[in-house]
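One structure is given here, and the rest of the page talks about it.
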Amino acid sequence: MTHPAAASQPATPPALQAIGISKAFLSGKLHTQVLEDFSLRIEAGELTLISGPSGCGKSTLLAILSGLQKVDGGRVLALGSELGQLDLRALERFRLQHTGFVFQGFNLFPALSAFEQVELPLNHMGLSRDEARARARRSLEEVGMAPRMKLRPSELSGGEKQRVAIARALAKEPELLFADEPTSALDAANGQMIIDILHRIAHTHGTTVLCVSHDPRVVVHADRVLAMEDGRILSDRRTHVPTNDSKVT
Ligand SMILES: Nc1ncnc2c1ncn2[C@@H]1O[C@H](COP(=O)(O)OP(=O)(O)OP(=O)(O)O)[C@@H](O)[C@H]1O
Ligand SMILES: [Mg+2]
């Protein structure tokens with residue numbers, strides 16, 4: 001790596017890196033420049049929180065760093081791979097093998113049981129049926145959803161649905177986990193449970209967790225908090241993380 005911006009950085013390679021990226025949207029005559037010459041490093045094995053006002057570009061940034069959206073300019077490195085150089089197939093494979101995504105609206109299939117939701121992507125990854133089933137069960141256990149794994153989304157509460165969505169992401173054993181406002185549809189207790197799970201995933205599995213949230217409780221559990229405004233990082237601070245890694249039961 002010879003990029004001048006990298007010269008003064010720590011020796012450990014970042015899990016994610018944006019180097020001078022730009023991104024704009026054109027809707028009819030409306031041109032929105034969301035990011036311009038934007039650079040960021042996300043360190044491995046940490047829970048990083050991004051917060052900021054509506055429309056400042058948080059979801060766009062998450063979509064770019066996870067390979068869901070392309071940039072207009074600049075480079076995106078994820079686990080050392082330059083995403084812009086991967087063709088569509090390779091990008092899909094990268095996302096399947098290395099990334100998990102948790103959304104505000106859960107994105108579960110109405111017809112599938114909790115267990116099937118978690119198992120499905122594992123089959124696509126080419127795992128054997130036995131391995132897929134064992135992993136699905138382990139992940140659901142980890143988020144405290146094993147007793148309800150036969151239920152469909154319509155039979156689950158919001159917090160339970162989000163725990164299934166996290167189990168689905170976790171079962172892939174991804175190095176990178178992205179969460180876009182994962183607690184905003186949940187009440188206080190369920191929101192707290194989701195945050196505890198995300199924190200534990202980063203700290204016990206060594207997963208890099210990048211979470212967009214306005215939830216002040218996430219701030220307390222994050223290793224690093226980035227405040228974003230108008231497509232720029234306004235502040236970047238490290239926090240002291242309480243060591244509350246108790247398992248959800
Ligand atoms: N597909 C799109 N087409 C046109 N404009 C878009 C598109 N996606 C995002 N934008 C615009 O880009 C800007 C940033 O959107 P983004 O969703 O990243 O914001 P955000 O910070 O996640 O906001 P929120 O907190 O409300 O979720 C907004 O002005 C939005 O209207
Ligand atoms: Mg958003």
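Going through the structure tokens in order, the chains are called A, B, and so on, while each chain numbers its residues from 1 and the ligands are numbered from 1 in the order shown.
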Would you tabulate, counting only C-alpha atoms and all ligand atoms, all residues of chain A that have an atom at most 12 Å from an atom of ligand 1, showing the closest pair of atoms and their distance in Å to one decimal, sorted by chain then ascending number, as CSV?
residue,atom,partner,partner_atom_place_in_ligand_line,distance
A:Ser22,CA,ligand 1,12 (O),11.9
A:Lys23,CA,ligand 1,12 (O),8.9
A:Ala24,CA,ligand 1,12 (O),7.4
A:Phe25,CA,ligand 1,4 (C),4.7
A:Leu26,CA,ligand 1,4 (C),5.8
A:Ser27,CA,ligand 1,4 (C),5.3
A:Gly28,CA,ligand 1,4 (C),9.1
A:Lys29,CA,ligand 1,4 (C),10.6
A:Leu30,CA,ligand 1,4 (C),8.2
A:His31,CA,ligand 1,5 (N),7.9
A:Thr32,CA,ligand 1,12 (O),6.1
A:Gln33,CA,ligand 1,12 (O),7.3
A:Val34,CA,ligand 1,12 (O),5.4
A:Leu35,CA,ligand 1,14 (C),8.6
A:Ile50,CA,ligand 1,21 (O),9.4
A:Ser51,CA,ligand 1,21 (O),8.1
A:Gly52,CA,ligand 1,21 (O),6.6
A:Pro53,CA,ligand 1,25 (O),5.7
A:Ser54,CA,ligand 1,25 (O),3.4
A:Gly55,CA,ligand 1,19 (O),3.4
A:Cys56,CA,ligand 1,21 (O),4.0
A:Gly57,CA,ligand 1,18 (O),3.2
A:Lys58,CA,ligand 1,21 (O),3.8
A:Ser59,CA,ligand 1,22 (O),3.7
A:Thr60,CA,ligand 1,18 (O),3.7
A:Leu61,CA,ligand 1,18 (O),6.4
A:Leu62,CA,ligand 1,18 (O),8.1
A:Ala63,CA,ligand 1,18 (O),8.4
A:Ile64,CA,ligand 1,18 (O),9.8
A:Leu68,CA,ligand 1,1 (N),11.5
A:Gln69,CA,ligand 1,1 (N),9.4
A:Lys70,CA,ligand 1,1 (N),11.4
A:Phe103,CA,ligand 1,27 (O),11.0
A:Gln104,CA,ligand 1,27 (O),9.7
A:Ala179,CA,ligand 1,22 (O),11.5
A:Asp180,CA,ligand 1,22 (O),8.1
A:Glu181,CA,ligand 1,27 (O),7.9
A:Pro182,CA,ligand 1,27 (O),11.4
A:Ser184,CA,ligand 1,25 (O),10.6
A:Cys211,CA,ligand 1,22 (O),11.3
A:Val212,CA,ligand 1,22 (O),8.0
A:Ser213,CA,ligand 1,25 (O),8.2
A:His214,CA,ligand 1,25 (O),8.2
A:Asp215,CA,ligand 1,25 (O),11.6
A:Ala227,CA,ligand 1,21 (O),10.8
A:Met228,CA,ligand 1,21 (O),8.2
A:Glu229,CA,ligand 1,21 (O),8.2
A:Asp230,CA,ligand 1,14 (C),8.5
A:Gly231,CA,ligand 1,14 (C),8.1
A:Arg232,CA,ligand 1,21 (O),10.9
A:Ile233,CA,ligand 1,21 (O),11.9
Generate a file of the selected residues that holds N, CA and C atoms, formatted as a short mmCIF file (atom, residue, chain, number, x, y, z; two decimals), in the first residue's frame.
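Listing of selection_31.cif after writing:
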data_model
loop_
_atom_site.label_atom_id
_atom_site.label_comp_id
_atom_site.auth_asym_id
_atom_site.auth_seq_id
_atom_site.Cartn_x
_atom_site.Cartn_y
_atom_site.Cartn_z
N SER A 22 -16.49 9.50 -4.06
CA SER A 22 -17.58 10.44 -4.30
C SER A 22 -18.80 9.66 -4.78
N LYS A 23 -19.96 10.20 -4.42
CA LYS A 23 -21.21 9.55 -4.82
C LYS A 23 -22.31 10.60 -4.95
N ALA A 24 -22.96 10.60 -6.10
CA ALA A 24 -24.08 11.53 -6.31
C ALA A 24 -25.27 10.74 -6.86
N PHE A 25 -26.46 11.27 -6.64
CA PHE A 25 -27.67 10.69 -7.23
C PHE A 25 -28.32 11.72 -8.12
N LEU A 26 -28.87 11.25 -9.22
CA LEU A 26 -29.61 12.13 -10.11
C LEU A 26 -31.04 11.59 -10.22
N SER A 27 -32.00 12.34 -9.68
CA SER A 27 -33.41 11.95 -9.80
C SER A 27 -34.11 13.04 -10.58
N GLY A 28 -34.42 12.77 -11.84
CA GLY A 28 -34.97 13.81 -12.71
C GLY A 28 -33.94 14.91 -12.85
N LYS A 29 -34.33 16.12 -12.41
CA LYS A 29 -33.38 17.24 -12.50
C LYS A 29 -32.62 17.46 -11.20
N LEU A 30 -33.00 16.67 -10.19
CA LEU A 30 -32.39 16.89 -8.87
C LEU A 30 -31.08 16.11 -8.73
N HIS A 31 -30.00 16.85 -8.59
CA HIS A 31 -28.68 16.26 -8.42
C HIS A 31 -28.29 16.38 -6.95
N THR A 32 -28.04 15.25 -6.30
CA THR A 32 -27.65 15.27 -4.89
C THR A 32 -26.24 14.70 -4.75
N GLN A 33 -25.33 15.56 -4.37
CA GLN A 33 -23.96 15.10 -4.12
C GLN A 33 -23.91 14.62 -2.67
N VAL A 34 -23.87 13.32 -2.47
CA VAL A 34 -23.92 12.80 -1.09
C VAL A 34 -22.53 12.76 -0.47
N LEU A 35 -21.57 12.23 -1.21
CA LEU A 35 -20.20 12.15 -0.70
C LEU A 35 -19.25 12.76 -1.72
N ILE A 50 -22.00 5.03 13.40
CA ILE A 50 -22.11 6.26 12.63
C ILE A 50 -23.45 6.89 12.95
N SER A 51 -23.42 8.15 13.39
CA SER A 51 -24.69 8.84 13.63
C SER A 51 -24.66 10.16 12.88
N GLY A 52 -25.82 10.78 12.74
CA GLY A 52 -25.88 12.05 12.02
C GLY A 52 -27.29 12.31 11.53
N PRO A 53 -27.58 13.55 11.13
CA PRO A 53 -28.95 13.90 10.74
C PRO A 53 -29.44 13.16 9.52
N SER A 54 -30.76 13.11 9.39
CA SER A 54 -31.38 12.44 8.26
C SER A 54 -30.90 13.04 6.95
N GLY A 55 -30.57 12.18 6.01
CA GLY A 55 -30.17 12.64 4.68
C GLY A 55 -28.70 12.98 4.54
N CYS A 56 -27.89 12.78 5.61
CA CYS A 56 -26.48 13.20 5.52
C CYS A 56 -25.62 12.17 4.80
N GLY A 57 -26.17 11.01 4.50
CA GLY A 57 -25.42 10.05 3.69
C GLY A 57 -25.00 8.77 4.40
N LYS A 58 -25.57 8.49 5.58
CA LYS A 58 -25.16 7.33 6.36
C LYS A 58 -25.47 6.01 5.66
N SER A 59 -26.72 5.87 5.21
CA SER A 59 -27.11 4.61 4.54
C SER A 59 -26.35 4.44 3.23
N THR A 60 -26.14 5.56 2.54
CA THR A 60 -25.38 5.49 1.28
C THR A 60 -23.97 4.99 1.55
N LEU A 61 -23.35 5.52 2.60
CA LEU A 61 -22.00 5.09 2.95
C LEU A 61 -21.96 3.59 3.28
N LEU A 62 -22.95 3.13 4.05
CA LEU A 62 -23.01 1.71 4.41
C LEU A 62 -23.19 0.84 3.16
N ALA A 63 -24.05 1.31 2.27
CA ALA A 63 -24.29 0.55 1.03
C ALA A 63 -23.03 0.49 0.18
N ILE A 64 -22.26 1.56 0.17
CA ILE A 64 -21.02 1.59 -0.61
C ILE A 64 -19.97 0.67 0.01
N LEU A 68 -22.96 -2.85 -1.92
CA LEU A 68 -24.32 -2.80 -2.48
C LEU A 68 -24.45 -1.71 -3.54
N GLN A 69 -23.71 -0.62 -3.34
CA GLN A 69 -23.76 0.49 -4.31
C GLN A 69 -22.36 0.82 -4.79
N LYS A 70 -22.29 1.28 -6.02
CA LYS A 70 -21.01 1.65 -6.61
C LYS A 70 -20.71 3.12 -6.37
N PHE A 103 -31.08 -4.84 8.72
CA PHE A 103 -31.81 -3.64 8.34
C PHE A 103 -32.80 -3.24 9.42
N GLN A 104 -33.21 -1.98 9.35
CA GLN A 104 -34.22 -1.45 10.27
C GLN A 104 -35.52 -2.27 10.19
N ALA A 179 -25.08 -2.83 9.99
CA ALA A 179 -26.43 -2.70 10.55
C ALA A 179 -26.90 -1.27 10.35
N ASP A 180 -28.03 -1.11 9.65
CA ASP A 180 -28.55 0.23 9.39
C ASP A 180 -29.77 0.48 10.28
N GLU A 181 -29.58 1.27 11.32
CA GLU A 181 -30.63 1.61 12.28
C GLU A 181 -31.35 0.36 12.80
N PRO A 182 -30.61 -0.59 13.35
CA PRO A 182 -31.22 -1.87 13.73
C PRO A 182 -32.17 -1.79 14.92
N SER A 184 -34.20 1.10 15.63
CA SER A 184 -35.13 2.23 15.61
C SER A 184 -36.59 1.80 15.58
N CYS A 211 -22.30 0.14 12.38
CA CYS A 211 -23.71 0.32 12.69
C CYS A 211 -24.10 1.79 12.55
N VAL A 212 -25.15 2.05 11.80
CA VAL A 212 -25.73 3.39 11.73
C VAL A 212 -26.85 3.45 12.75
N SER A 213 -26.81 4.45 13.63
CA SER A 213 -27.86 4.55 14.63
C SER A 213 -27.91 5.92 15.28
N HIS A 214 -29.11 6.32 15.68
CA HIS A 214 -29.27 7.53 16.48
C HIS A 214 -29.43 7.16 17.95
N ASP A 215 -29.43 5.88 18.22
CA ASP A 215 -29.75 5.40 19.55
C ASP A 215 -28.60 5.68 20.52
N ALA A 227 -19.44 11.01 13.99
CA ALA A 227 -20.59 11.89 13.75
C ALA A 227 -20.47 12.42 12.34
N MET A 228 -21.53 12.20 11.56
CA MET A 228 -21.50 12.57 10.15
C MET A 228 -22.47 13.71 9.90
N GLU A 229 -22.12 14.63 9.02
CA GLU A 229 -23.04 15.69 8.61
C GLU A 229 -22.69 16.12 7.19
N ASP A 230 -23.71 16.26 6.36
CA ASP A 230 -23.48 16.71 4.97
C ASP A 230 -22.38 15.94 4.27
N GLY A 231 -22.36 14.63 4.44
CA GLY A 231 -21.37 13.81 3.74
C GLY A 231 -19.97 13.93 4.28
N ARG A 232 -19.81 14.50 5.48
CA ARG A 232 -18.47 14.62 6.08
C ARG A 232 -18.47 14.06 7.50
N ILE A 233 -17.30 13.60 7.94
CA ILE A 233 -17.16 13.17 9.33
C ILE A 233 -16.80 14.40 10.17
#
task: Extract, using only C-alpha atoms, all DNA, RNA and protein residues at most 10 Å from stretch 90-98 of chain A, discarding same-chain residues fewer than 6 positions from it, and format them as a PyMOL selection string.
output: chain A and resi 66-68+78-79+81-84+121-122+124-126+169+172-177
field: Best match for closeness to A:Phe178 among A:Ala111, A:Leu210, A:Ala132, A:Ile19, counting only C-alpha atoms
entry: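 Looking at the shortest contact to A:Phe178, the residue is A:Leu210.
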field: From A:Ile166, A:Val102, A:Leu120, A:Ala18, residue lying nearest A:Arg75 [only C-alpha atoms]
entry: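 Residue with the minimum atom-to-atom distance to A:Arg75: A:Ala18.
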message: Please determine, counting only C-alpha atoms and all ligand atoms, which residue among A:Gly105, A:Ala222, A:Val209, A:Gly80 has the shortest atom-to-atom distance to ligand 2.
response: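 Ranked by minimum distance to ligand 2, first place goes to A:Gly105.
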query: What gap, in Å, lies between atom CA of A:Gln85 and atom CA of A:Asp72?
result: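 Straight-line distance from atom CA of A:Gln85 to atom CA of A:Asp72 works out to 13.2 Å.
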query: Any idea what's packed within 10 Å of A:Arg148, counting only C-alpha atoms, ignoring anything in its chain fewer than 3 positions away? Could you give it as a ChimeraX atom specification?
result: /A:113-115,140-141,144-145,151-152,155-156,160,164
N, CA and C atoms of the current selection, written as a compact mmCIF listing (two decimals), in the first residue's frame:
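Saved result, selection38.txt, follows:
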# COMPACT_ATOMS: atom_id res chain seq x y z
N SER A 113 -39.96 -20.01 8.31
CA SER A 113 -39.78 -20.03 9.77
C SER A 113 -38.45 -19.34 10.08
N ALA A 114 -38.27 -19.01 11.37
CA ALA A 114 -37.01 -18.38 11.80
C ALA A 114 -35.82 -19.24 11.38
N PHE A 115 -35.96 -20.54 11.58
CA PHE A 115 -34.86 -21.45 11.25
C PHE A 115 -34.55 -21.41 9.76
N LEU A 140 -29.08 -19.13 16.15
CA LEU A 140 -30.36 -18.82 16.81
C LEU A 140 -30.23 -18.98 18.32
N GLU A 141 -29.44 -19.95 18.75
CA GLU A 141 -29.18 -20.11 20.18
C GLU A 141 -28.46 -18.88 20.72
N GLY A 144 -30.67 -16.14 21.49
CA GLY A 144 -31.78 -16.51 22.38
C GLY A 144 -33.07 -16.84 21.65
N MET A 145 -32.97 -17.26 20.38
CA MET A 145 -34.19 -17.51 19.60
C MET A 145 -34.42 -19.00 19.30
N LEU A 151 -41.18 -20.63 14.39
CA LEU A 151 -42.23 -19.63 14.13
C LEU A 151 -41.90 -18.76 12.92
N ARG A 152 -42.97 -18.25 12.28
CA ARG A 152 -42.81 -17.33 11.15
C ARG A 152 -42.80 -15.90 11.65
N GLU A 155 -45.55 -14.35 13.62
CA GLU A 155 -45.76 -14.88 14.97
C GLU A 155 -44.69 -14.38 15.96
N LEU A 156 -43.83 -13.47 15.47
CA LEU A 156 -42.73 -12.99 16.31
C LEU A 156 -42.89 -11.50 16.60
N GLU A 160 -37.85 -9.90 18.43
CA GLU A 160 -37.53 -11.28 18.04
C GLU A 160 -37.18 -11.36 16.56
N VAL A 164 -33.71 -12.66 14.82
CA VAL A 164 -33.61 -13.66 13.74
C VAL A 164 -32.75 -13.08 12.60
field: Coordinates-based distance that separates atom CA of A:Val225 from atom CA of A:Leu65 (Å, one decimal)
entry: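 So the two atoms, atom CA of A:Leu65 and atom CA of A:Val225, lie 16.8 Å apart.
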message: Let's see if you can do this: from backbone DSSP, list all alpha helix (DSSP H) residues in chain A, as a ChimeraX atom specification.
response: /A:58-65,88-98,114-124,129-142,158-171,188-205,216-221
Go ahead and dump the residues you just picked, C-alpha atoms, as a compact mmCIF listing (two decimals), in the first residue's frame.
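Output contents, as saved in result.txt:
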# COMPACT_ATOMS: atom_id res chain seq x y z
CA LYS A 58 -25.16 7.33 6.36
CA SER A 59 -27.11 4.61 4.54
CA THR A 60 -25.38 5.49 1.28
CA LEU A 61 -22.00 5.09 2.95
CA LEU A 62 -23.01 1.71 4.41
CA ALA A 63 -24.29 0.55 1.03
CA ILE A 64 -21.02 1.59 -0.61
CA LEU A 65 -18.76 -0.02 1.99
CA LEU A 88 -20.82 -8.39 -10.59
CA ARG A 89 -20.40 -12.12 -9.90
CA ALA A 90 -17.27 -11.67 -7.82
CA LEU A 91 -18.92 -8.85 -5.90
CA GLU A 92 -21.96 -11.01 -5.17
CA ARG A 93 -19.69 -13.81 -4.00
CA PHE A 94 -17.72 -11.41 -1.81
CA ARG A 95 -20.92 -10.16 -0.20
CA LEU A 96 -22.26 -13.66 0.32
CA GLN A 97 -19.04 -15.01 1.86
CA HIS A 98 -17.81 -12.06 3.90
CA ALA A 114 -37.01 -18.38 11.80
CA PHE A 115 -34.86 -21.45 11.25
CA GLU A 116 -35.40 -21.42 7.48
CA GLN A 117 -34.55 -17.69 7.25
CA VAL A 118 -31.17 -18.38 8.82
CA GLU A 119 -30.52 -21.61 6.92
CA LEU A 120 -31.33 -20.24 3.45
CA PRO A 121 -28.21 -18.11 2.78
CA LEU A 122 -26.02 -20.90 4.17
CA ASN A 123 -27.29 -23.23 1.46
CA HIS A 124 -26.38 -20.57 -1.13
CA ARG A 129 -27.01 -29.44 4.66
CA ASP A 130 -25.79 -30.74 8.02
CA GLU A 131 -23.29 -27.91 8.48
CA ALA A 132 -25.92 -25.33 7.45
CA ARG A 133 -28.43 -26.72 9.93
CA ALA A 134 -25.86 -26.87 12.74
CA ARG A 135 -24.77 -23.29 12.11
CA ALA A 136 -28.35 -22.03 11.88
CA ARG A 137 -29.18 -23.65 15.21
CA ARG A 138 -26.02 -22.25 16.87
CA SER A 139 -26.75 -18.71 15.69
CA LEU A 140 -30.36 -18.82 16.81
CA GLU A 141 -29.18 -20.11 20.18
CA GLU A 142 -26.68 -17.29 20.42
CA GLY A 158 -40.24 -6.84 16.51
CA GLY A 159 -37.31 -7.57 18.80
CA GLU A 160 -37.53 -11.28 18.04
CA LYS A 161 -37.63 -10.59 14.30
CA GLN A 162 -34.51 -8.47 14.58
CA ARG A 163 -32.77 -11.21 16.55
CA VAL A 164 -33.61 -13.66 13.74
CA ALA A 165 -32.21 -11.16 11.22
CA ILE A 166 -29.02 -10.92 13.26
CA ALA A 167 -28.80 -14.71 13.54
CA ARG A 168 -29.16 -14.90 9.75
CA ALA A 169 -26.23 -12.51 9.31
CA LEU A 170 -24.18 -14.14 12.08
CA ALA A 171 -24.61 -17.70 10.77
CA ALA A 188 -36.13 0.23 24.85
CA ALA A 189 -35.66 -3.31 26.19
CA ASN A 190 -35.51 -4.93 22.76
CA GLY A 191 -33.24 -2.20 21.45
CA GLN A 192 -30.85 -2.79 24.33
CA MET A 193 -30.81 -6.52 23.64
CA ILE A 194 -29.90 -5.94 19.98
CA ILE A 195 -27.09 -3.57 20.97
CA ASP A 196 -25.71 -6.09 23.47
CA ILE A 197 -25.72 -8.75 20.76
CA LEU A 198 -23.91 -6.50 18.24
CA HIS A 199 -21.33 -5.59 20.85
CA ARG A 200 -20.77 -9.22 21.72
CA ILE A 201 -20.44 -10.20 18.06
CA ALA A 202 -17.61 -7.69 17.62
CA HIS A 203 -15.84 -8.64 20.82
CA THR A 204 -16.18 -12.43 20.94
CA HIS A 205 -16.22 -13.27 17.21
CA PRO A 216 -27.75 6.86 22.46
CA ARG A 217 -27.47 3.36 23.97
CA VAL A 218 -25.39 2.24 21.00
CA VAL A 219 -22.98 5.11 21.66
CA VAL A 220 -22.21 3.67 25.08
CA HIS A 221 -21.38 0.27 23.62
Mind listing the strand (DSSP E) residues of stretch 180-247 of chain A, per DSSP on the backbone, as an mmCIF file with C-alpha atoms, in the first residue's frame?
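Once everything was written out, this is result-v8.cif:
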data_model
loop_
_atom_site.group_PDB
_atom_site.id
_atom_site.type_symbol
_atom_site.label_atom_id
_atom_site.label_comp_id
_atom_site.auth_asym_id
_atom_site.auth_seq_id
_atom_site.Cartn_x
_atom_site.Cartn_y
_atom_site.Cartn_z
ATOM 1 C CA ASP A 180 -28.554 0.235 9.389
ATOM 2 C CA THR A 208 -16.036 -5.811 12.295
ATOM 3 C CA VAL A 209 -19.424 -4.260 13.045
ATOM 4 C CA LEU A 210 -20.418 -0.994 11.381
ATOM 5 C CA CYS A 211 -23.709 0.319 12.691
ATOM 6 C CA VAL A 212 -25.730 3.387 11.730
ATOM 7 C CA ARG A 224 -15.671 4.300 18.132
ATOM 8 C CA VAL A 225 -18.290 6.913 17.333
ATOM 9 C CA LEU A 226 -18.321 8.857 14.077
ATOM 10 C CA ALA A 227 -20.592 11.887 13.754
ATOM 11 C CA MET A 228 -21.503 12.571 10.153
ATOM 12 C CA GLU A 229 -23.041 15.686 8.606
ATOM 13 C CA ARG A 232 -18.470 14.619 6.079
ATOM 14 C CA ILE A 233 -17.162 13.166 9.329
ATOM 15 C CA LEU A 234 -17.469 15.954 11.910
ATOM 16 C CA SER A 235 -16.044 14.060 14.851
ATOM 17 C CA ASP A 236 -14.353 10.730 15.385
ATOM 18 C CA ARG A 237 -13.887 9.546 18.935
ATOM 19 C CA ARG A 238 -13.062 6.364 20.790
#
Write out as a PDB file with N, CA and C atoms, in the first residue's frame the residues lying within 7 Å of A:Gln17, counting only C-alpha atoms and excluding same-chain residues fewer than 5 positions away.
ATOM      1  N   LEU A  40     -12.153   7.228   4.820  1.00  0.00           N
ATOM      2  CA  LEU A  40     -12.446   6.663   6.147  1.00  0.00           C
ATOM      3  C   LEU A  40     -11.790   5.292   6.268  1.00  0.00           C
ATOM      4  N   ARG A  41     -11.288   5.001   7.475  1.00  0.00           N
ATOM      5  CA  ARG A  41     -10.787   3.646   7.782  1.00  0.00           C
ATOM      6  C   ARG A  41     -11.652   3.062   8.888  1.00  0.00           C
ATOM      7  N   ILE A  42     -12.034   1.829   8.748  1.00  0.00           N
ATOM      8  CA  ILE A  42     -12.761   1.134   9.821  1.00  0.00           C
ATOM      9  C   ILE A  42     -11.894  -0.040  10.261  1.00  0.00           C
ATOM     10  N   VAL A  76     -12.735   1.781  -2.855  1.00  0.00           N
ATOM     11  CA  VAL A  76     -13.246   1.146  -1.635  1.00  0.00           C
ATOM     12  C   VAL A  76     -12.534  -0.190  -1.460  1.00  0.00           C
ATOM     13  N   LEU A  77     -11.884  -0.356  -0.317  1.00  0.00           N
ATOM     14  CA  LEU A  77     -11.213  -1.616  -0.007  1.00  0.00           C
ATOM     15  C   LEU A  77     -11.954  -2.290   1.129  1.00  0.00           C
ATOM     16  N   ALA A  78     -12.329  -3.536   0.915  1.00  0.00           N
ATOM     17  CA  ALA A  78     -12.983  -4.310   1.967  1.00  0.00           C
ATOM     18  C   ALA A  78     -12.184  -5.590   2.149  1.00  0.00           C
TER      19      ALA A  78
END
task: Could you check how far atom CA of A:Glu36 sits from atom CA of A:Gly20, in Å to one decimal?
output: 7.3 Å
